[in-house]
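Worksheet for the structure shown next.
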Protein chains: 2
Amino acid sequence: MASRDDRKILLSESEMPTQWYNIVPDLPAPPPPALHPGTLEPAGPADFEPLFPMALIMQEVSMDQYIDIPGEVLDVYRMWRPSPLYRARGLEKALDTPARIYYKYEGVSPAGSHKPNTAVPQAYYNKAEGITKLTTETGAGQWGTALAFACAIFDMTCEVWQVRSSYDQKPYRKAMIETFGGVIHPSPSDLTEAGRAILQANPASPGSLGIAISEAVEMAAPNPDVKYALGSVLNHVLMHQTIIGEEALLQLAMVEETPDVLVGCTGGGSNFGGLAFPFMREKMAGKMDPRVIAVEPAACPSLTKGVYAYDFGDTAGMTPLMKMHTLGHDFVPDPIHAGGLRYHGMAPLISHIYELGMMDAISINQTECFEAGVQFARTEGIVPAPEPTHALAGTIRQALEAKESGEERVILTALCGHGHLDMAAYDRYFSGDMVDYDFPEEKVQDAMNRIPSV
Amino acid sequence: MASRDDRKILLSESEMPTQWYNIVPDLPAPPPPALHPGTLEPAGPADFEPLFPMALIMQEVSMDQYIDIPGEVLDVYRMWRPSPLYRARGLEKALDTPARIYYKYEGVSPAGSHKPNTAVPQAYYNKAEGITKLTTETGAGQWGTALAFACAIFDMTCEVWQVRSSYDQKPYRKAMIETFGGVIHPSPSDLTEAGRAILQANPASPGSLGIAISEAVEMAAPNPDVKYALGSVLNHVLMHQTIIGEEALLQLAMVEETPDVLVGCTGGGSNFGGLAFPFMREKMAGKMDPRVIAVEPAACPSLTKGVYAYDFGDTAGMTPLMKMHTLGHDFVPDPIHAGGLRYHGMAPLISHIYELGMMDAISINQTECFEAGVQFARTEGIVPAPEPTHALAGTIRQALEAKESGEERVILTALCGHGHLDMAAYDRYFSGDMVDYDFPEEKVQDAMNRIPSV
């Protein structure tokens with residue numbers, strides 16, 4: 001029997017949820033549709049067909065509350081799922097807080113993050129529609145690794161464009177993607193028109209997720225056997241991640257806890273949404289009342305400093321227009337170590353939910369985040385990836401607030417990945433060379449001026 | 001309920017074994033004692049006192065069949081234990097074998113290997129006897145990371161000498177050891193007499209575990225507040241690792257399996273012994289009859305090509321003499337990527353058991369091992385460390401043999417760690433630059449000539 005005093009709360013494979021949760025039909029207002037960039041009319045399934053298989057497009061626009069996870073996907077999930085829910089007893093003790101801190105750990109997956117939760121079904125549905133190759137972008141490299149793994153499992157080819165600043169900082173990612181059978185290029189590359197245009201303007205461009213998306217899309221769209229896979233932002237991606245929150249609900253129920261606060265980091269929003277959406281459903285049903293907090297990097301604060309507007313998902317302006325919190329589609333964030341959070345926009349679904357007032361957002365600088373990461377490693381034994389150090393820094397703030405007020409606050413956070421392939425960032429932190437970037441107000445304003453007026 | 005068709009077989013924290021198993025009293029003949037290097041008399045507890053706390057020395061010579069794991073150690077073990085037992089269904093399918101392959105995975109630990117199983121109790125017993133600092137050597141870095149973690153948990157200082165060839169190949173290890181609060185030096189270093197002597201003879205020395213041990217011992221022995229910790233070889237270290245085998249016995253029993261073959265990799269022998277000893281107990285009791293196979297690297301084949309003789313544990317000849325399979329205490333193995341297997345000797349207890357005919361040994365070259373590691377990663381989703389790729393290569397040979405003969409062979413192997421911090425080795429493998437070293441017959445013969453005659 002699991003108890004609150006255990007270090008970890010485990011589910012057996014037979015207890016794993018068998019459906020993803022789609023929050024859209026439960027929301028008090030529907031999210032604004034994506035628009036075709038030419039006609040500015042709502043984009044239909046056909047507009048997405050060059051990039052995605054029909055099964056995923058139908059999930060993207062689905063109004064079903066639940067979607068069955070295919071058996072073949074469940075079987076692959078079982079390689080690492082259900083993932084453990086940990087009670088952070090070591091961290092609680094170090095903080096001397098009355099708060100009880102739980103973290104849902106996705107670092108047990110093959111890629112070391114939550115990303116395989118969507119990479120596996122995306123590869124599966126593509127394979128089922130006869131696709132032989134997937135292209136994608138990756139920031140920190142977690143997504144590229146996840147898709148390479150998923151393609152290995154379903155015997156498909158995988159080609160990855162990695163943001164150059166991350167490619168240079170994290171050389172082990174390349175080896176890991178290759179170990180899973182993938183091919184990887186730094187972005188911007190000279191393999192695409194989008195990449196060449198950027199390189200011509202700035203040969204030393206550190207790249208961005210937006211640029212890398214443009215390259216991967218360009219390589220997929222014209223070829224009927226090749227599709228593109230996105231690791232965050234879209235509705236179907238967030239939905240695949242809800243298995244995280246569904247499991248966490250079961251695990252907390254096993255020890256009779258309901259969270260007072262949920263804290264997650266946000267880049268594109270998929271890990272955050274995956275954790276939060278099932279809890280938001282419970283909240284909408286009046287069964288619990290957690291405060292939900294997104295933590296974003298101060299260098300790329302789309303929710304807290306961006307505008308809510310129609311913008312492109314990529315830098316070159318090839319995607320449909322999506323209404324989201326954006327810093328401008330050609331905004332290039334400073335090269336912080338949390339490469340997975342360097343995205344100019346926020347998932348349209350998260351943006352909509354934020355506008356509905358269902359969640360809060362804050363931004364935190366990277367040195368505070370790494371300080372939290374080191375404290376976490378020394379007390380919990382897991383070295384977190386730079387991305388979830390943002391969630392941990394937010395969690396520690398919450399736990400210290402609870403100490404101040406003497407509250408038994410129950411905090412649930414998402415430790416979306418380990419940092420084993422990000423150790424160069426820790427090296428930098430210890431060397432004293434890590435800098436916090438000022439909020440790049442002028443650069444943001446400049447990029448915002450180029451957001452299309454819709 | 002766990003089933004053979006599950007991907008993984010889990011125990012809850014409450015099912016974790018609470019005793020270590022000491023195989024010594026169960027053996028048909030007692031192992032030869034360690035000898036004092038000066039008097040050549042059997043070494044007594046006092047001879048070990050400059051290096052180890054009395055609690056560990058008493059465990060080293062214990063004739064108790066079981067030793068209780070202290071509650072404080074159990075509590076730390078619960079951060080990752082019980083570790084999962086996986087059924088390698090993906091690998092089985094790829095090999096098209098009727099064999100059922102199970103692997104006990106220790107990569108879920110904070111250090112990413114089995115090493116914290118002994119690092120934690122070693123730090124605990126030292127702390128209990130008032131020690132404030134531990135020194136040690138590390139090869140691949142797994143042991144140094146484990147001890148740094150254990151010292152962080154018990155608020156002690158940790159100083160690590162890492163074999164230079166590994167230090168240069170695996171820069172992320174340094175950052176990880178520092179993240180856990182440890183201090184790390186490449187070995188040979190100019191901080192010790194032993195290191196300076198080696199550097200004078202060969203400024204480009206790639207180092208070896210034997211040299212690094214000399215350095216760490218030299219820094220600990222004269223200081224009453226500082227002790228030394230060894231990550232393998234000694235009886236008490238192997239005993240701490242038996243929790244691996246004890247858990248695996250319970251897990252296999254849950255799915256009603258008894259192994260026909262056990263396969264483990266051997267460097268110093270601790271992971272191998274930890275898996276095998278509890279099964280050997282069952283075999284001695286007539287309850288099962290597995291064949292037990294050790295796999296060592298062709299470049300450092302102490303069991304298959306060494307002599308069984310009294311030799312030093314370190315290069316400088318500072319340790320007691322131990323009867324073991326050895327290639328000579330000053331043999332420097334070629335810089336294969338499995339740094340953790342580059343040790344001139346084999347644990348005296350494993351050596352004795354090998355002489356008793358209770359196990360077999362084979363050696364395999366590193367390219368066959370990496371090939372096995374890549375196949376494993378693509379089918380099981382876990383990138384193995386270079387060391388356990390030896391166990392995997394041996395396992396694959398067994399599974400293919402079973403295919404040949406059409407046997408339903410049940411194979412149990414030890415996946416003692418992940419390779420996330422060893423990705424440079426995979427990069428090398430894919431680049432085609434990885435070489436197999438010929439067995440260094442002359443170098444071995446030369447070193448064997450300097451084994452003391454006892």
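Labels used: A, B, ... for chains in the order of the structure tokens, numbers from 1 for residues in each chain, and numbers from 1 for ligands as shown.
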Sorted per-residue table, chain A near chain B, closest atoms and distance, 6 Å, only C-alpha atoms, as CSV:
residue,atom,partner,partner_atom,distance
A:Arg7,CA,B:Met79,CA,5.8
A:Met79,CA,B:Arg7,CA,5.8
A:Pro110,CA,B:Gly381,CA,4.7
A:Ala152,CA,B:Arg378,CA,5.8
A:Tyr172,CA,B:Met423,CA,5.4
A:Ala175,CA,B:Asp427,CA,5.0
A:Thr179,CA,B:Val374,CA,5.9
A:Phe180,CA,B:Arg378,CA,5.4
A:Val374,CA,B:Thr179,CA,5.9
A:Arg378,CA,B:Phe180,CA,5.4
A:Gly381,CA,B:Pro110,CA,4.7
A:Ile382,CA,B:Pro110,CA,5.5
A:His420,CA,B:His420,CA,5.9
A:Met423,CA,B:Tyr172,CA,5.4
A:Asp427,CA,B:Ala175,CA,5.0
Where does stretch 248-319 of chain A meet stretch 351-358 of chain A within 8 Å, residue by residue, with the nearest atom pair and distance in Å to one decimal for each, counting only C-alpha atoms, listed by chain and rising number, as CSV?
residue,atom,partner,partner_atom,distance
A:Val292,CA,A:Met358,CA,7.5
A:Leu303,CA,A:Ser351,CA,7.4
A:Tyr308,CA,A:Ser351,CA,7.5
Got time to write the residues from that selection, all heavy atoms, as a PDB file, in the first residue's frame?
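Result written to selection.pdb:
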ATOM      1  N   VAL A 292      -3.175  27.100 -10.240  1.00  0.00           N
ATOM      2  CA  VAL A 292      -2.327  26.545 -11.299  1.00  0.00           C
ATOM      3  C   VAL A 292      -1.373  27.632 -11.775  1.00  0.00           C
ATOM      4  O   VAL A 292      -1.819  28.707 -12.197  1.00  0.00           O
ATOM      5  CB  VAL A 292      -3.179  26.020 -12.477  1.00  0.00           C
ATOM      6  CG1 VAL A 292      -2.293  25.430 -13.565  1.00  0.00           C
ATOM      7  CG2 VAL A 292      -4.184  24.976 -11.984  1.00  0.00           C
ATOM      8  N   LEU A 303       3.929  34.379 -21.974  1.00  0.00           N
ATOM      9  CA  LEU A 303       2.664  34.587 -21.254  1.00  0.00           C
ATOM     10  C   LEU A 303       2.656  35.912 -20.491  1.00  0.00           C
ATOM     11  O   LEU A 303       1.667  36.641 -20.519  1.00  0.00           O
ATOM     12  CB  LEU A 303       2.408  33.437 -20.274  1.00  0.00           C
ATOM     13  CG  LEU A 303       1.782  32.154 -20.830  1.00  0.00           C
ATOM     14  CD1 LEU A 303       1.755  31.066 -19.757  1.00  0.00           C
ATOM     15  CD2 LEU A 303       0.357  32.394 -21.344  1.00  0.00           C
ATOM     16  N   TYR A 308      -1.533  38.733 -26.861  1.00  0.00           N
ATOM     17  CA  TYR A 308      -2.425  37.646 -27.284  1.00  0.00           C
ATOM     18  C   TYR A 308      -2.942  38.008 -28.652  1.00  0.00           C
ATOM     19  O   TYR A 308      -3.804  38.900 -28.781  1.00  0.00           O
ATOM     20  CB  TYR A 308      -3.561  37.498 -26.272  1.00  0.00           C
ATOM     21  CG  TYR A 308      -4.494  36.322 -26.541  1.00  0.00           C
ATOM     22  CD1 TYR A 308      -3.994  35.037 -26.741  1.00  0.00           C
ATOM     23  CD2 TYR A 308      -5.877  36.499 -26.558  1.00  0.00           C
ATOM     24  CE1 TYR A 308      -4.841  33.955 -26.962  1.00  0.00           C
ATOM     25  CE2 TYR A 308      -6.736  35.424 -26.770  1.00  0.00           C
ATOM     26  CZ  TYR A 308      -6.205  34.149 -26.980  1.00  0.00           C
ATOM     27  OH  TYR A 308      -7.050  33.083 -27.194  1.00  0.00           O
TER      28      TYR A 308
END
* To do: Can you pull out every residue within 10 Å of A:Tyr66, counting only C-alpha atoms, but drop anything in the same chain fewer than 4 positions away, and send it as a VMD selection string?
  => chain A and resid 18 to 23 25 62 239
Neighbouring residues of A:Tyr103 were defined as those with any atom within 9 Å, considering only C-alpha atoms; residues of the same chain fewer than 5 positions away were excluded. Please report them as a CSV table (one decimal) with N, CA, C and O atoms, in the first residue's frame.
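Wrote it out as selection35.csv, contents follow:
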chain,number,residue,atom,x,y,z
A,84,PRO,N,6.7,7.4,-12.1
A,84,PRO,CA,6.6,7.5,-10.7
A,84,PRO,C,6.1,8.9,-10.3
A,84,PRO,O,6.5,9.9,-10.9
A,85,LEU,N,5.4,9.0,-9.2
A,85,LEU,CA,5.1,10.2,-8.5
A,85,LEU,C,6.0,10.2,-7.2
A,85,LEU,O,5.8,9.3,-6.4
A,86,TYR,N,6.8,11.2,-7.1
A,86,TYR,CA,7.7,11.2,-5.9
A,86,TYR,C,7.2,12.2,-4.9
A,86,TYR,O,6.7,13.3,-5.2
A,87,ARG,N,7.3,11.8,-3.6
A,87,ARG,CA,7.2,12.8,-2.5
A,87,ARG,C,8.6,13.4,-2.3
A,87,ARG,O,9.5,12.6,-2.0
A,88,ALA,N,8.8,14.7,-2.3
A,88,ALA,CA,10.1,15.3,-2.2
A,88,ALA,C,10.5,15.5,-0.8
A,88,ALA,O,10.7,16.6,-0.3
A,248,ALA,N,-1.1,11.2,-12.3
A,248,ALA,CA,-0.9,11.9,-11.1
A,248,ALA,C,-2.1,11.9,-10.2
A,248,ALA,O,-2.1,11.8,-9.0
A,411,ILE,N,1.8,20.8,-2.7
A,411,ILE,CA,2.3,21.3,-4.0
A,411,ILE,C,2.6,20.1,-4.9
A,411,ILE,O,3.3,19.2,-4.6
A,412,LEU,N,2.1,20.2,-6.2
A,412,LEU,CA,2.4,19.2,-7.2
A,412,LEU,C,3.1,19.9,-8.3
A,412,LEU,O,2.7,20.9,-8.8
A,413,THR,N,4.3,19.3,-8.7
A,413,THR,CA,5.0,19.9,-9.8
A,413,THR,C,5.4,18.8,-10.8
A,413,THR,O,5.3,17.6,-10.5
A,414,ALA,N,5.8,19.2,-11.9
A,414,ALA,CA,6.2,18.3,-13.0
A,414,ALA,C,7.7,18.4,-13.2
A,414,ALA,O,8.2,19.4,-13.7
A,415,LEU,N,8.4,17.3,-12.9
A,415,LEU,CA,9.8,17.2,-13.3
A,415,LEU,C,9.9,16.5,-14.6
A,415,LEU,O,9.9,15.3,-14.7
* Asked: Counting only C-alpha atoms, which of B:Pro82, B:Gly274, B:Pro348, B:Gly394 gets nearest to B:Pro320?
  -> B:Pro348
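Proximity of B:Ala285, B:Val410, B:Ala276, B:Ile293 to B:Glu256, computed with only C-alpha atoms, is greatest for B:Val410.
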* Pairwise distance for atom CA of A:His390 and atom CA of A:Met322, rounded to one decimal in Å -> 25.7 Å
* From the DSSP assignment of the backbone, select every residue of stretch 233-339 of chain B that is alpha helix (DSSP H), and format the answer as a PyMOL selection string. => chain B and resi 235-254+270-284+302-305
* To do: Name all residues at most 10 Å from stretch 186-194 of chain A (count only C-alpha atoms; drop same-chain ones fewer than 3 positions away) and give them as number ranges by chain.
  => A: 137-139, 160-168, 174, 197-200, 202-209, 211-219, 315-318
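Using only C-alpha atoms, the nearest neighbour of A:Val120 within the list A:Pro388, A:Val183, A:Gln241, A:Asp225 is A:Gln241.
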Can you check which residues of stretch 83-279 of chain A DSSP gives as strand (DSSP E or B) on the backbone and send them as a short mmCIF file (atom, residue, chain, number, x, y, z; two decimals) with N, CA and C atoms, in the first residue's frame?
data_model
loop_
_atom_site.label_atom_id
_atom_site.label_comp_id
_atom_site.auth_asym_id
_atom_site.auth_seq_id
_atom_site.Cartn_x
_atom_site.Cartn_y
_atom_site.Cartn_z
N LEU A 85 5.36 8.98 -9.21
CA LEU A 85 5.12 10.25 -8.51
C LEU A 85 5.96 10.20 -7.24
N TYR A 86 6.84 11.18 -7.07
CA TYR A 86 7.70 11.21 -5.90
C TYR A 86 7.19 12.20 -4.86
N ARG A 87 7.33 11.85 -3.62
CA ARG A 87 7.21 12.83 -2.54
C ARG A 87 8.61 13.36 -2.28
N ARG A 100 3.83 19.85 1.68
CA ARG A 100 4.14 18.53 1.14
C ARG A 100 4.28 18.68 -0.37
N ILE A 101 5.48 18.33 -0.87
CA ILE A 101 5.80 18.54 -2.27
C ILE A 101 5.82 17.20 -3.00
N TYR A 102 5.06 17.11 -4.08
CA TYR A 102 5.07 15.91 -4.92
C TYR A 102 5.54 16.31 -6.31
N TYR A 103 6.34 15.43 -6.91
CA TYR A 103 6.72 15.71 -8.31
C TYR A 103 6.52 14.48 -9.17
N LYS A 104 5.93 14.74 -10.31
CA LYS A 104 5.68 13.68 -11.29
C LYS A 104 6.89 13.65 -12.21
N TYR A 105 7.60 12.52 -12.23
CA TYR A 105 8.90 12.45 -12.90
C TYR A 105 8.82 11.73 -14.24
N SER A 113 12.62 12.50 -20.92
CA SER A 113 11.67 13.59 -20.72
C SER A 113 10.26 13.10 -21.03
N LYS A 133 8.78 8.55 -43.25
CA LYS A 133 9.81 9.41 -42.67
C LYS A 133 9.16 10.61 -41.99
N LEU A 134 9.70 11.01 -40.84
CA LEU A 134 9.24 12.21 -40.13
C LEU A 134 10.39 13.20 -40.01
N THR A 135 10.05 14.48 -40.19
CA THR A 135 11.03 15.53 -39.93
C THR A 135 10.55 16.33 -38.72
N THR A 136 11.51 16.93 -38.04
CA THR A 136 11.12 17.78 -36.92
C THR A 136 12.24 18.73 -36.53
N GLU A 137 11.90 19.66 -35.65
CA GLU A 137 12.88 20.54 -35.03
C GLU A 137 13.08 20.08 -33.59
N THR A 138 14.18 20.52 -32.97
CA THR A 138 14.33 20.29 -31.54
C THR A 138 15.13 21.44 -30.94
N THR A 157 12.10 6.45 -40.65
CA THR A 157 13.26 7.33 -40.68
C THR A 157 12.92 8.63 -39.97
N CYS A 158 13.91 9.22 -39.30
CA CYS A 158 13.69 10.46 -38.55
C CYS A 158 14.81 11.45 -38.84
N GLU A 159 14.45 12.68 -39.22
CA GLU A 159 15.44 13.71 -39.52
C GLU A 159 15.13 14.95 -38.67
N VAL A 160 16.15 15.43 -37.96
CA VAL A 160 15.96 16.43 -36.92
C VAL A 160 16.80 17.67 -37.19
N TRP A 161 16.18 18.87 -37.09
CA TRP A 161 16.93 20.12 -37.09
C TRP A 161 16.99 20.65 -35.65
N GLN A 162 18.21 20.77 -35.13
CA GLN A 162 18.34 21.24 -33.76
C GLN A 162 18.84 22.69 -33.74
N VAL A 163 18.19 23.52 -32.93
CA VAL A 163 18.59 24.92 -32.74
C VAL A 163 20.10 24.96 -32.45
N VAL A 183 18.78 11.14 -37.77
CA VAL A 183 19.77 11.98 -38.44
C VAL A 183 19.56 13.40 -37.91
N ILE A 184 20.64 14.13 -37.62
CA ILE A 184 20.49 15.43 -36.98
C ILE A 184 21.34 16.49 -37.66
N HIS A 185 20.77 17.71 -37.82
CA HIS A 185 21.48 18.85 -38.41
C HIS A 185 21.33 20.05 -37.47
N PRO A 186 22.38 20.90 -37.38
CA PRO A 186 22.18 22.16 -36.66
C PRO A 186 21.34 23.10 -37.51
N SER A 187 20.51 23.91 -36.84
CA SER A 187 19.65 24.87 -37.55
C SER A 187 19.97 26.29 -37.08
N VAL A 226 6.55 11.84 -46.58
CA VAL A 226 7.21 12.47 -45.43
C VAL A 226 6.23 13.41 -44.75
N LYS A 227 6.13 13.31 -43.44
CA LYS A 227 5.33 14.29 -42.71
C LYS A 227 6.21 14.94 -41.66
N TYR A 228 5.62 15.93 -41.03
CA TYR A 228 6.31 16.72 -40.02
C TYR A 228 5.68 16.38 -38.67
N VAL A 261 -1.68 23.64 -4.94
CA VAL A 261 -1.00 24.38 -6.00
C VAL A 261 -0.40 23.40 -7.00
N LEU A 262 -0.52 23.72 -8.29
CA LEU A 262 0.18 23.00 -9.35
C LEU A 262 1.19 23.97 -9.96
N VAL A 263 2.44 23.53 -10.14
CA VAL A 263 3.47 24.37 -10.73
C VAL A 263 4.12 23.63 -11.89
N GLY A 264 4.16 24.25 -13.06
CA GLY A 264 4.83 23.62 -14.20
C GLY A 264 5.60 24.66 -14.99
N CYS A 265 6.61 24.21 -15.73
CA CYS A 265 7.34 25.14 -16.59
C CYS A 265 6.66 25.17 -17.96
#
* **Shell of 10 Å around A:Tyr343, only C-alpha atoms, local chain residues under 3 positions omitted, as a ChimeraX atom specification** => /A:139,208-210,233,266-269,300-302,313-314,326-329,331-333,339-340,346
